Every structure is written in structure tokens, then in C-alpha cells.
Amino acid sequence: MNRVFVMLTLCGPLLICAVAILPGMLTSSGAFRSAETATIAVAGADNPTLAMMETMLLPEKITLVPSHGSIALLQDEIAEGTIDGYLNIPKGNAGEPIEFVSKNMTDFRIRDNLQIAAGKALLTRRLAEAGIQELDADSMLRVHPFEMAHLNINRTTEKSPDFTMILTTSLIFASLLYLTILFYGQVVGRSVLMEKTNKTVEILLSSVRPIDILFGKIFGNALASLLQYGIWISVSVALLKFIGPRFGVSLGIALTAETFIYLVVYFILAYFLYCSIYATLGAASRDEQQLAQISWPVIIILIVPLMLITAIISSPQAPVIFALSLFPLTAPIVMFIRILLGAANGTEIFASIFLMMVATGGCIALSTKIFSACILLNGKTIKLETVFSMFQPHSGERKIK
Amino acid sequence: MIEVQSVSKQYGPHYAVSKLSFTSTEGKIFGLLGPNGAGKSTVIKMLMNVLVPDAGRVLLNGKLIREADKDRIGYLPEERGLYRNVKINEMLLFLASLKNGNTASAEKNLDDWLIRFGLMEWKNKTVETLSKGMSQKVQFIAAILHDPEFMFFDEPFSGLDPVSADLLEDAILDLASKGKNIILSTHNMEIAEKLCSSVIIIDHGKEVLSGSIAEIKSNFNQRTVSVEFDGRLDSESLLKMTRSISTLQRSTQIELADGVEPDFLLRKLIDQVSIRKFEIVVPSLHKIYVDLVGEAEYA
């Protein structure tokens, strides 16, 4: 427990909250808005339509000016900076598109607000022409709220979190796992490599077995990382719960007591699986450069579920997603997301955990043998038959030839 | 007692150790000698149950060596391996704790050994602050702090100045006198001759020679005499009865040819020079080793 570890543990929650709250604060405060006001010329709109749009857009600081000039004139005005863009409202009701032209197409605030205002204004115009007044149109076009509920195993329903909450929770868990394995996995790998190159392991092997050294490395780092994460998560959740809403940022997470238990189980299993892989890579490496190079496949495998998150959430029962939820290296993230969605039954969850445990056990056994071979044959080329020969059971007694 | 019975260790087609046998007893220092790459470290790893022999067996006090026997073994590796950023006392007590030893006893022993080696003021410093020789002494303490029954020292004097080497020698002799079973692996023959009661010389994994130092020396052909004289020696007249004549600063060493006895040479020399000293040279272990291993190397 050195000073860096203590400082990182204490400052971690503050950093997490800053990352979680600040972007939302800044976005809502308008710090990222490119311009305070925008002036948009409107061509082809009648007065009632224009008035309606002005009312909707005034709070967004978008000023509309009617235009009767040609398109070329409007384009000149954009180029000169007199206006920020123009809207070309179609005259008929045949579904022609509303055209918005501007130099800056990335300001989604202006774009989205114009789209909503123009769309509503034209809809109101069409309804008025059909003899339906605005107030009646509003009530007729009111969208019914749509709620999802999950049916539990005991036949009760509970409100299901929405897509955003599930996506947020999935991203947080996947990122947490990814960063943990990336950081602590490499710590384990480097630690094994350091002991091998320092020859410290020769002294240790005179006292304990290779599997004890390996387990010690993984468990020691596990306890340190779990302690650190425990502090980070509990303090961060408390800060976000009480401080976040004061800044207008609420972080909804789709976690229940049951899913939290699964989170812990998959986190621990993934940690041990990947750390045993990193320990093997550390034992097999000559130096840190080689360790970094041969760690790439592990990192790539870790990234796959992150890249597929939206696909997993959208189609949790797809064959590929189902297979990835059982494959030990990707199961922690994929199966956890399926659990969040309520798309995995008890058998699948049990199978996934069982396969992970088998894979972890097998990996640790393989890691131990390769670790032993690489440590004891340090400096010599490690051949597969040497590693396999270490799997053969021995009684400590050999025939005297 | 440590009994090594015909052990072999093979890596692919290469035999690191081949049918090696020897016995080491309590209260004695046994020398495991050989050039670099002879297989000494492999033998020691088999003695510690870190490597399992492909053939033969290792017995400690008549029983096959087991994992639990590691607690009774102290090991000083050839290459130093200490945690550099850990305090000396913490590291030594940690390594002793791995041997399931008595913590209180280890703490007391720690202070005694640090005082003995003049390292008491470094007790709370980290290893990286120590010189090479001091690290070696700390490493030695790590090997014996838990008061093991069996001790294996691999090149313990490497990197030590003469004063520290003397300290370590005294410590090893002291431990042997207390009944510890010590195996010393080295390629320094002077050290081996000084400390060991019996040795085995290995080369390319095989035994070249073994036995007590006295037996080895007495069995080795004593074909060299050392002569101090006044006058001028006629070397040509001695050609048929000698293999080589080496003139040193204060004496001349003459290696006899086969079949020539020392007293015959003496009579010949008396006719030529005035002899002040005539001595049959007992070969050093170094000379025996070089002759044997050198022959094997070029055989």
C-alpha cells in the first residue's frame, strides 16, 4: 500500500464524478454552444406558419426573418454572414422535404429545433386546412406513453429500465471491467516478469510452489483492486446521488440487488481469468516490450463486447450474441448485459458462470505449468513438449537406472 | 543426511544431469564442484524439490523428498534476487514466514545475524541502498534465518571482499559445527578445499571425481616436486625423466615422467646443484580439477 495507491484511491471518486457530472453540466449550460443566437431566413412560409415557428424558437435564441429573395441571394447572405442559414418551406402538402441550408451543419441544437418547429408548424397548417383546430390537433396527436415491464420468475412484474439506462449501465460496467483488467492485469504480468528477471522467484520457489506464487500475485492484486473499486464505487454513487441532481445531472443506473450480485460475480471471474492469462504472458516474456506486444490479442478480445454493446442491447437473443454470452472471454460483459435486459434465463446464466469457472481453472492450471517452465528454464527456449511433460503426474520417485 | 541416488535430468536430447549419486551428512560441508554449465544449479534445484528428477531419487534422512521438506531447507541462489524497494527486516521476516517458521525466533535471529555481519544500521533501509557485498550478506541471512536443517549455498562468496568473505566462511563453518547439513556449490577450488570435507566434481552433468579431500589428494598421482637450490640446473640432462620444469620466483617445480621416482631425481640433482629444499608437492584441488576437467573438455 504505497502513497500512489492511497492517493489514487482517494481521488478516484472525485475524478469519476467530475467525468460523470461535468460534461452534462457544461452541455446544459450552453458552454458548448457555438453561438449565442442564430439568425435563420425562412423562405416560402406564410405568416401564421412563420409566427408559430417564431414562438417555438424564441426560447432557443433562434431568430427567424422572412425572406422573399432568390435562393442565390440567400446563399450570398450566408456567405457574407448576414444570416446563419435559411429554411426553404415547401408550399404544398405533398410531402416535399423542408430544406435547411447553412455553412455549419454540425450544430445539432439549431438543426433539431428548426426541424421540430418547422415540422409542427407545417402539420398544424395541414390540419387547419383540413378544418381541425390546433388545440384539437394537439389532443388528437398526443403520444401515449409506452412503458416496459419485466416478468420475474415469481410472476410479478417490475418496471424495466429504458434503453438509455441499460446502455449507460452496460457502458459503465464494461468500461470498469476493461480498465480493471487493462491496469491490474498488466500489473500482474509485469510483476511476474520482474520477479523472473530479478531472480527473486528462485528464492520463492525454494519455499512455495509455482501455483502459490501465481495465486499470491493474482489474489494480492485482486484484494487491492477490489478495495480500491469498493471505495470508488460506493463514494461515487453517494456523490452522484446527492450532488449530481444539484447540478441538474441525474445518472440513472439500471441495477437492482440481483443484478448487482451478478455484476460482482462476473467481475471477479473475469478478473481471475484475465489475470491468469496476463501472468502467463508475463512468465513467457523476456522484457516489458515483449509483454506489451503479446498482450495485444487479449486487449482485442476485451474490446469486442464494447464494440457490440448496442447490438447486444438491440438483439440479445441473436445467435452470435448468445454464443458470446457463453464464451468465457466475452461472457462477463455480454451475459451481464443480457441479464440487465432480462433476456437470459437461469440455465443460461448458470452455464455461463460454469464455463467461466472451468475456463478460469483451466487457465490457471495452464498458467502454472507455463510459469514453472518459463521460470525454471529462464534463458532457454521453451518447447511445447517441455511444458506438456510438466503435466504428467509424478510421485517424486523415479526408477533407478 | 542427504542421499542423491543416480539422479538424471533431461531437457530434450540434452542431459543436464546424468546418473549422479552422492551423500552429504550433518555437521559436514559437502562441495558440489564443477565449471559453468556443469549442472550444479540443476542438482540443487532437484535437492529442493523445485525440479523433479527424470530418473533416480533424492532422500532426506532416508525419506523421499516432499513439498513439506522445503521448510527445512535454506537456499542461497547464485544470482541475487531480493525485492529492491522493501525494507531489509521486512523482507527477511517475510521470507522466513514462507518457511512456516517461528516468527519470534526469526526476529531474534535476525538481529543476531545483522549484528554479526555489521548490517544492523541498515535494518530499516531498502535493498537498493545496499552495495553488492552487503546484498549478498543479506541474501545469506535470508537463507538461514529460519534455522533450516539443510542448507544449499550456490556461489556464496561471489562479489565479496576478503573481509566479508572471511565473515561468511566463519558463519558457514559455525553452522556446520552446529550439525547443519551444508552443500556448497562453487567453481572456486581454493574455497572448496578450505571449507569442504568431501566433494564431488561434475562436468556436463556427470561425475568426474568424488570423495573426501584427503582421499582425492592422496589418490591423485603425486608427480610434482618443488626444489630450491643454488647453482645452475642442466635441464637437458633431465629431459627423459621429467615431463615439465617450471621455474618460479623462489623455486623450481619439476613434474616427473611416468616411472620416475622422486628419489631418483633427487640423486640426479645432487650431482648438479646444491639443494636447499626438496619437497613432493601435494596437488591442490584446483590443479586436480583443472587436470581432470581440462582432460574431459578436450577428450
# chains A, B, ... in the order shown; residues from 1 in each chain; ligands from 1
>>> residues_around(residues="range 45-51 of chain B", least_positions_apart="4", cutoff="7 Å", atoms="only C-alpha atoms", output="compact mmCIF listing (two decimals) with C-alpha atoms, in the first residue's frame")
# COMPACT_ATOMS: atom_id res chain seq x y z
CA LEU A 205 10.45 -21.40 -5.32
CA SER A 206 12.64 -22.78 -2.54
CA SER B 41 22.31 -25.50 -10.14
CA VAL B 58 16.59 -37.70 -3.57
CA ILE B 65 11.88 -35.54 -0.51
CA ARG B 66 8.41 -33.96 -0.32
CA GLU B 67 6.94 -30.50 -0.73
CA LYS B 70 11.07 -27.10 1.75
>>> closest_atom_pairs(of="chain B", to="chain A", cutoff="6 Å", atoms="only C-alpha atoms", output="JSON lines")
{"residue": "B:Ala55", "atom": "CA", "partner": "A:Arg398", "partner_atom": "CA", "distance": 4.8}
{"residue": "B:Gly56", "atom": "CA", "partner": "A:Ile400", "partner_atom": "CA", "distance": 4.6}
{"residue": "B:Arg57", "atom": "CA", "partner": "A:Glu397", "partner_atom": "CA", "distance": 5.6}
{"residue": "B:Lys70", "atom": "CA", "partner": "A:Ser207", "partner_atom": "CA", "distance": 5.5}
{"residue": "B:Gly81", "atom": "CA", "partner": "A:Thr200", "partner_atom": "CA", "distance": 3.9}
{"residue": "B:Leu82", "atom": "CA", "partner": "A:Thr200", "partner_atom": "CA", "distance": 5.5}
{"residue": "B:Leu98", "atom": "CA", "partner": "A:Ser207", "partner_atom": "CA", "distance": 6.0}
{"residue": "B:Lys99", "atom": "CA", "partner": "A:Ser207", "partner_atom": "CA", "distance": 5.9}
>>> residues_around(residues="range 98-103 of chain A", least_positions_apart="5", cutoff="6 Å", atoms="only C-alpha atoms", output="JSON list (two decimals) with C-alpha atoms, in the first residue's frame")
[["chain", "number", "residue", "atom", "x", "y", "z"],
["A", 85, "GLY", "CA", -28.75, 29.74, -42.74],
["A", 86, "TYR", "CA", -32.11, 29.56, -44.44],
["A", 87, "LEU", "CA", -35.15, 27.32, -44.38],
["A", 88, "ASN", "CA", -36.99, 26.58, -47.59],
["A", 89, "ILE", "CA", -40.57, 25.65, -46.63]]
>>> atom_distance(atom1="CA of Gly342 in chain A", atom2="CA of Phe322 in chain A")
13.2 Å
>>> residues_around(residues="Leu281 in chain A", least_positions_apart="5", cutoff="10 Å", atoms="only C-alpha atoms", output="number ranges by chain")
A: 186, 188-190, 192-193, 275-276, 286, 290-295, 367, 370-371
>>> write_last_selection(atoms="N, CA and C atoms", output="mmCIF file, in the first residue's frame")
data_model
loop_
_atom_site.group_PDB
_atom_site.id
_atom_site.type_symbol
_atom_site.label_atom_id
_atom_site.label_comp_id
_atom_site.auth_asym_id
_atom_site.auth_seq_id
_atom_site.Cartn_x
_atom_site.Cartn_y
_atom_site.Cartn_z
ATOM 1 N N GLN A 186 -2.089 -5.979 -16.336
ATOM 2 C CA GLN A 186 -0.716 -5.633 -16.704
ATOM 3 C C GLN A 186 0.169 -5.537 -15.470
ATOM 4 N N VAL A 188 -0.123 -7.452 -12.865
ATOM 5 C CA VAL A 188 0.217 -8.858 -12.577
ATOM 6 C C VAL A 188 1.285 -9.352 -13.552
ATOM 7 N N GLY A 189 1.076 -9.076 -14.827
ATOM 8 C CA GLY A 189 2.040 -9.524 -15.834
ATOM 9 C C GLY A 189 3.428 -8.953 -15.589
ATOM 10 N N ARG A 190 3.486 -7.653 -15.310
ATOM 11 C CA ARG A 190 4.788 -7.008 -15.080
ATOM 12 C C ARG A 190 5.428 -7.519 -13.802
ATOM 13 N N VAL A 192 5.104 -10.510 -12.476
ATOM 14 C CA VAL A 192 5.670 -11.846 -12.739
ATOM 15 C C VAL A 192 6.965 -11.717 -13.532
ATOM 16 N N LEU A 193 6.957 -10.848 -14.524
ATOM 17 C CA LEU A 193 8.145 -10.638 -15.342
ATOM 18 C C LEU A 193 9.290 -10.110 -14.497
ATOM 19 N N CYS A 275 -6.379 -12.146 -15.432
ATOM 20 C CA CYS A 275 -5.113 -12.015 -14.688
ATOM 21 C C CYS A 275 -4.263 -13.263 -14.822
ATOM 22 N N SER A 276 -4.900 -14.431 -14.864
ATOM 23 C CA SER A 276 -4.099 -15.648 -15.045
ATOM 24 C C SER A 276 -3.502 -15.663 -16.450
ATOM 25 N N ARG A 286 10.267 -11.900 -22.290
ATOM 26 C CA ARG A 286 11.658 -11.586 -21.947
ATOM 27 C C ARG A 286 11.746 -10.249 -21.232
ATOM 28 N N GLN A 290 8.175 -6.959 -24.893
ATOM 29 C CA GLN A 290 7.589 -8.188 -25.440
ATOM 30 C C GLN A 290 6.234 -8.446 -24.790
ATOM 31 N N LEU A 291 6.140 -8.160 -23.498
ATOM 32 C CA LEU A 291 4.878 -8.362 -22.782
ATOM 33 C C LEU A 291 3.785 -7.491 -23.388
ATOM 34 N N ALA A 292 4.129 -6.217 -23.674
ATOM 35 C CA ALA A 292 3.149 -5.314 -24.275
ATOM 36 C C ALA A 292 2.705 -5.832 -25.639
ATOM 37 N N GLN A 293 3.649 -6.375 -26.396
ATOM 38 C CA GLN A 293 3.313 -6.843 -27.747
ATOM 39 C C GLN A 293 2.411 -8.062 -27.712
ATOM 40 N N ILE A 294 2.745 -9.031 -26.840
ATOM 41 C CA ILE A 294 1.943 -10.254 -26.853
ATOM 42 C C ILE A 294 0.646 -10.099 -26.075
ATOM 43 N N SER A 295 0.453 -8.924 -25.443
ATOM 44 C CA SER A 295 -0.807 -8.671 -24.738
ATOM 45 C C SER A 295 -1.895 -8.177 -25.686
ATOM 46 N N SER A 367 -1.456 -21.815 -16.849
ATOM 47 C CA SER A 367 -0.547 -20.713 -16.498
ATOM 48 C C SER A 367 0.535 -21.196 -15.540
ATOM 49 N N ILE A 370 3.128 -23.267 -17.480
ATOM 50 C CA ILE A 370 3.972 -22.425 -18.339
ATOM 51 C C ILE A 370 4.843 -21.526 -17.470
ATOM 52 N N PHE A 371 4.281 -21.009 -16.403
ATOM 53 C CA PHE A 371 5.024 -20.184 -15.452
ATOM 54 C C PHE A 371 6.206 -20.973 -14.910
#
>>> residues_around(residues="Met335 in chain A", least_positions_apart="4", cutoff="12 Å", atoms="only C-alpha atoms", output="PyMOL selection string")
chain A and resi 170+173-174+259+262-263+265-267+270+305+309+312-313+316-317+321-331+339-346+348-353+356
>>> write_last_selection(atoms="N, CA and C atoms", output="short mmCIF file (atom, residue, chain, number, x, y, z; two decimals), in the first residue's frame")
data_model
loop_
_atom_site.label_atom_id
_atom_site.label_comp_id
_atom_site.auth_asym_id
_atom_site.auth_seq_id
_atom_site.Cartn_x
_atom_site.Cartn_y
_atom_site.Cartn_z
N SER A 170 -24.49 -0.61 -18.97
CA SER A 170 -23.60 -1.53 -19.70
C SER A 170 -22.25 -0.89 -19.97
N PHE A 173 -20.23 -0.66 -16.69
CA PHE A 173 -19.68 -1.95 -16.26
C PHE A 173 -18.58 -2.41 -17.21
N ALA A 174 -18.84 -2.30 -18.52
CA ALA A 174 -17.84 -2.75 -19.49
C ALA A 174 -16.56 -1.94 -19.36
N THR A 259 -29.09 -7.94 -9.92
CA THR A 259 -28.12 -7.70 -11.00
C THR A 259 -26.78 -7.26 -10.42
N TYR A 262 -24.86 -10.34 -9.71
CA TYR A 262 -24.27 -10.87 -10.96
C TYR A 262 -23.08 -10.04 -11.40
N LEU A 263 -23.20 -8.73 -11.23
CA LEU A 263 -22.08 -7.86 -11.60
C LEU A 263 -20.82 -8.25 -10.84
N VAL A 265 -20.16 -11.14 -9.36
CA VAL A 265 -19.70 -12.49 -9.74
C VAL A 265 -18.92 -12.45 -11.05
N TYR A 266 -19.50 -11.80 -12.05
CA TYR A 266 -18.84 -11.76 -13.36
C TYR A 266 -17.56 -10.93 -13.30
N PHE A 267 -17.57 -9.90 -12.49
CA PHE A 267 -16.38 -9.06 -12.36
C PHE A 267 -15.23 -9.90 -11.79
N ALA A 270 -14.10 -12.66 -14.30
CA ALA A 270 -13.35 -12.07 -15.40
C ALA A 270 -11.97 -11.63 -14.94
N PRO A 305 -16.72 -6.97 -27.01
CA PRO A 305 -18.04 -6.70 -26.42
C PRO A 305 -18.36 -5.21 -26.35
N ILE A 309 -21.86 -3.37 -28.01
CA ILE A 309 -22.84 -3.09 -26.95
C ILE A 309 -24.22 -2.79 -27.49
N ILE A 312 -25.82 -5.83 -28.81
CA ILE A 312 -26.23 -6.75 -27.73
C ILE A 312 -27.55 -6.27 -27.13
N ILE A 313 -27.64 -4.96 -26.91
CA ILE A 313 -28.86 -4.42 -26.29
C ILE A 313 -30.04 -4.55 -27.26
N PRO A 316 -30.50 -9.18 -28.01
CA PRO A 316 -29.82 -10.04 -27.03
C PRO A 316 -29.97 -11.53 -27.29
N GLN A 317 -30.96 -11.91 -28.14
CA GLN A 317 -31.17 -13.33 -28.40
C GLN A 317 -30.57 -13.78 -29.72
N ILE A 321 -24.74 -13.25 -30.39
CA ILE A 321 -24.74 -12.65 -29.04
C ILE A 321 -24.87 -13.76 -28.00
N PHE A 322 -25.75 -14.72 -28.29
CA PHE A 322 -25.93 -15.84 -27.36
C PHE A 322 -24.62 -16.61 -27.19
N ALA A 323 -23.94 -16.86 -28.31
CA ALA A 323 -22.67 -17.59 -28.24
C ALA A 323 -21.62 -16.79 -27.46
N LEU A 324 -21.58 -15.49 -27.70
CA LEU A 324 -20.60 -14.65 -26.98
C LEU A 324 -20.91 -14.60 -25.49
N SER A 325 -22.18 -14.76 -25.13
CA SER A 325 -22.53 -14.72 -23.71
C SER A 325 -22.12 -15.99 -22.99
N LEU A 326 -21.80 -17.03 -23.76
CA LEU A 326 -21.32 -18.27 -23.15
C LEU A 326 -19.80 -18.41 -23.28
N PHE A 327 -19.21 -17.76 -24.27
CA PHE A 327 -17.75 -17.84 -24.46
C PHE A 327 -17.08 -17.14 -23.29
N PRO A 328 -16.23 -17.85 -22.53
CA PRO A 328 -15.72 -17.29 -21.27
C PRO A 328 -15.07 -15.91 -21.36
N LEU A 329 -14.34 -15.67 -22.46
CA LEU A 329 -13.61 -14.40 -22.52
C LEU A 329 -14.52 -13.21 -22.77
N THR A 330 -15.67 -13.44 -23.34
CA THR A 330 -16.59 -12.32 -23.61
C THR A 330 -17.83 -12.39 -22.74
N ALA A 331 -18.03 -13.49 -22.06
CA ALA A 331 -19.25 -13.68 -21.25
C ALA A 331 -19.47 -12.61 -20.18
N ILE A 339 -28.46 -10.12 -18.89
CA ILE A 339 -29.15 -10.20 -17.59
C ILE A 339 -29.87 -8.89 -17.30
N LEU A 340 -29.20 -7.78 -17.59
CA LEU A 340 -29.84 -6.47 -17.38
C LEU A 340 -31.14 -6.35 -18.17
N LEU A 341 -31.10 -6.92 -19.38
CA LEU A 341 -32.27 -6.83 -20.26
C LEU A 341 -33.34 -7.86 -19.90
N GLY A 342 -32.99 -8.79 -19.02
CA GLY A 342 -33.92 -9.86 -18.71
C GLY A 342 -34.01 -10.88 -19.83
N ALA A 343 -32.96 -10.94 -20.67
CA ALA A 343 -33.00 -11.82 -21.84
C ALA A 343 -32.32 -13.16 -21.59
N ALA A 344 -31.80 -13.35 -20.39
CA ALA A 344 -31.10 -14.61 -20.09
C ALA A 344 -31.83 -15.35 -18.99
N ASN A 345 -32.08 -16.64 -19.22
CA ASN A 345 -32.76 -17.41 -18.18
C ASN A 345 -31.72 -18.04 -17.24
N GLY A 346 -32.23 -18.68 -16.20
CA GLY A 346 -31.36 -19.22 -15.16
C GLY A 346 -30.37 -20.24 -15.70
N GLU A 348 -29.10 -20.49 -18.72
CA GLU A 348 -28.03 -19.83 -19.50
C GLU A 348 -27.04 -19.15 -18.57
N ILE A 349 -27.55 -18.50 -17.53
CA ILE A 349 -26.65 -17.82 -16.60
C ILE A 349 -25.75 -18.84 -15.89
N PHE A 350 -26.37 -19.91 -15.45
CA PHE A 350 -25.60 -20.95 -14.77
C PHE A 350 -24.54 -21.53 -15.70
N ALA A 351 -24.94 -21.80 -16.95
CA ALA A 351 -23.98 -22.37 -17.92
C ALA A 351 -22.82 -21.41 -18.14
N SER A 352 -23.15 -20.14 -18.25
CA SER A 352 -22.11 -19.12 -18.48
C SER A 352 -21.13 -19.07 -17.32
N ILE A 353 -21.66 -19.05 -16.09
CA ILE A 353 -20.79 -19.00 -14.91
C ILE A 353 -19.96 -20.27 -14.82
N MET A 356 -17.21 -20.23 -17.32
CA MET A 356 -16.17 -19.28 -16.90
C MET A 356 -15.29 -19.88 -15.81
#
